[in-house]
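Read the structure below first, then the notes.
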Amino acid sequence: MRRLYSLLLAGTLCLGLSACPFVDRLPPLPQYKPVLMPRSQLEQAVAVLPPREMRNTGKIYLRDPYIFINERYEGFHVIDNQNPAQPQPLAFVRIPGNVDVAMKGSLLYADSGADLLTFDVSNVQQVRLLHRVRNAVPELPMPELGQVPAEYQPQNRPADAVVVGWQKL
C-alpha cells in the first residue's frame, strides 16, 4: 500500500511539473566541441618534463615524502615534500586527456582520453610508463551538462581521433 501511495505521489508531481510555465524559460544548454588528437600522437605525447606552474589541479596523492597532483586534461606534477615548509617541484608528467589519477603502492594509474595508463613512480627521478590499456574507460566527458552539435558527434569524427578535452562554443 505504501508503494502505491508513493507511485501516485510521484505521478502527480510529474504531471504538475509538465504544466509548469517556467520550463519554457530555462536557458539553453551550452554547446561543446571535442578537442581531438590522433591516437598515434596521443600515445607518443606522454613524457616526463621539467616542473611547470600548476593551473587546473585535481586530485592530490601523498606517498611520503612525495606529492602527486593531477592537472586536469594535462597530466600530473611530482613534488618533493621532504621539507613541507618548502616543497620542491621535481617534474611534470604530460598525459593528454588526463582527468583522473589513482595510486596503489608505487603504481600510479591515469586516464589518457579513453586509455588507462600505469606508471611506476617508485623512483620519482625516473617515472616510467609501464602499460597502456586502449579504450579501457569511457570517452572523456564534457565538463558540464551540454550539447554536442551534429558535426562533432562521434560518427562524424576521424576514425583514429581520441577526445582529450572539450571546448565551449
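Residues in the C-alpha cells are named by chain (A, B, ... in the order shown) and by number from 1 within that chain; ligands are numbered from 1 in the order shown.
Near Val93 (chain A), within 10 Å and counting only C-alpha atoms, sit Val46, Ala47, Val48, Leu49, Pro50, Pro51, Arg52, Asn70, Glu71, Glu74, Gly75, Phe76, His77, Val78, Val127, Arg128 and Leu129 of chain A; same-chain residues fewer than 4 positions away were not included.
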Point out the residue among A:Leu36, A:Pro154, A:Asn123, A:Ala136 with the least atom-to-atom distance to Tyr109 (chain A), counting only C-alpha atoms. A:Ala136
Gap from CA of Val137 (chain A) to CA of Gln44 (chain A) - Å, one decimal: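 Those two atoms sit 19.2 Å apart.
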So how many Å separate CA of Phe92 (chain A) and CA of Gln167 (chain A), to one decimal? 23.4 Å
Run DSSP on the backbone and tell me which residues of region 3-157 of chain A come out as strand (DSSP E); list them as an MDAnalysis selection string. chainID A and resid 32:38 47:49 57:63 66:71 75:80 88:94 101:104 107:112 115:120 128:133
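Of the residues under consideration (A:Lys168, A:Arg25, A:Arg55, A:Arg134), A:Arg55 shows the shortest atom-to-atom contact distance to Tyr73 (chain A) when counting only C-alpha atoms.
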For Leu29 (chain A), work out the shell of residues within 9 Å, counting only C-alpha atoms and skipping chain neighbours fewer than 6 positions away, then give it as a PyMOL selection string. chain A and resi 145-147
Could you pull out the helix (DSSP H, G or I) residues of chain A, going by DSSP on the backbone, and write them as a count of residues only? 36
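For the atom pair formed by CA of Pro84 (chain A) and CA of Leu130 (chain A), the distance is 29.7 Å, given to one decimal.
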Option closest in space to Val99 (chain A), from A:Ile67, A:Met37, A:Val164, A:Thr118 [counting only C-alpha atoms]: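 Residue with the minimum atom-to-atom distance to Val99 (chain A): A:Val164.
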Given only C-alpha atoms as the basis, pick out the residue of A:Ala102, A:Asn135, A:Lys33, A:Asn81 nearest to Phe119 (chain A).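 Result for the nearest residue to Phe119 (chain A): A:Ala102.
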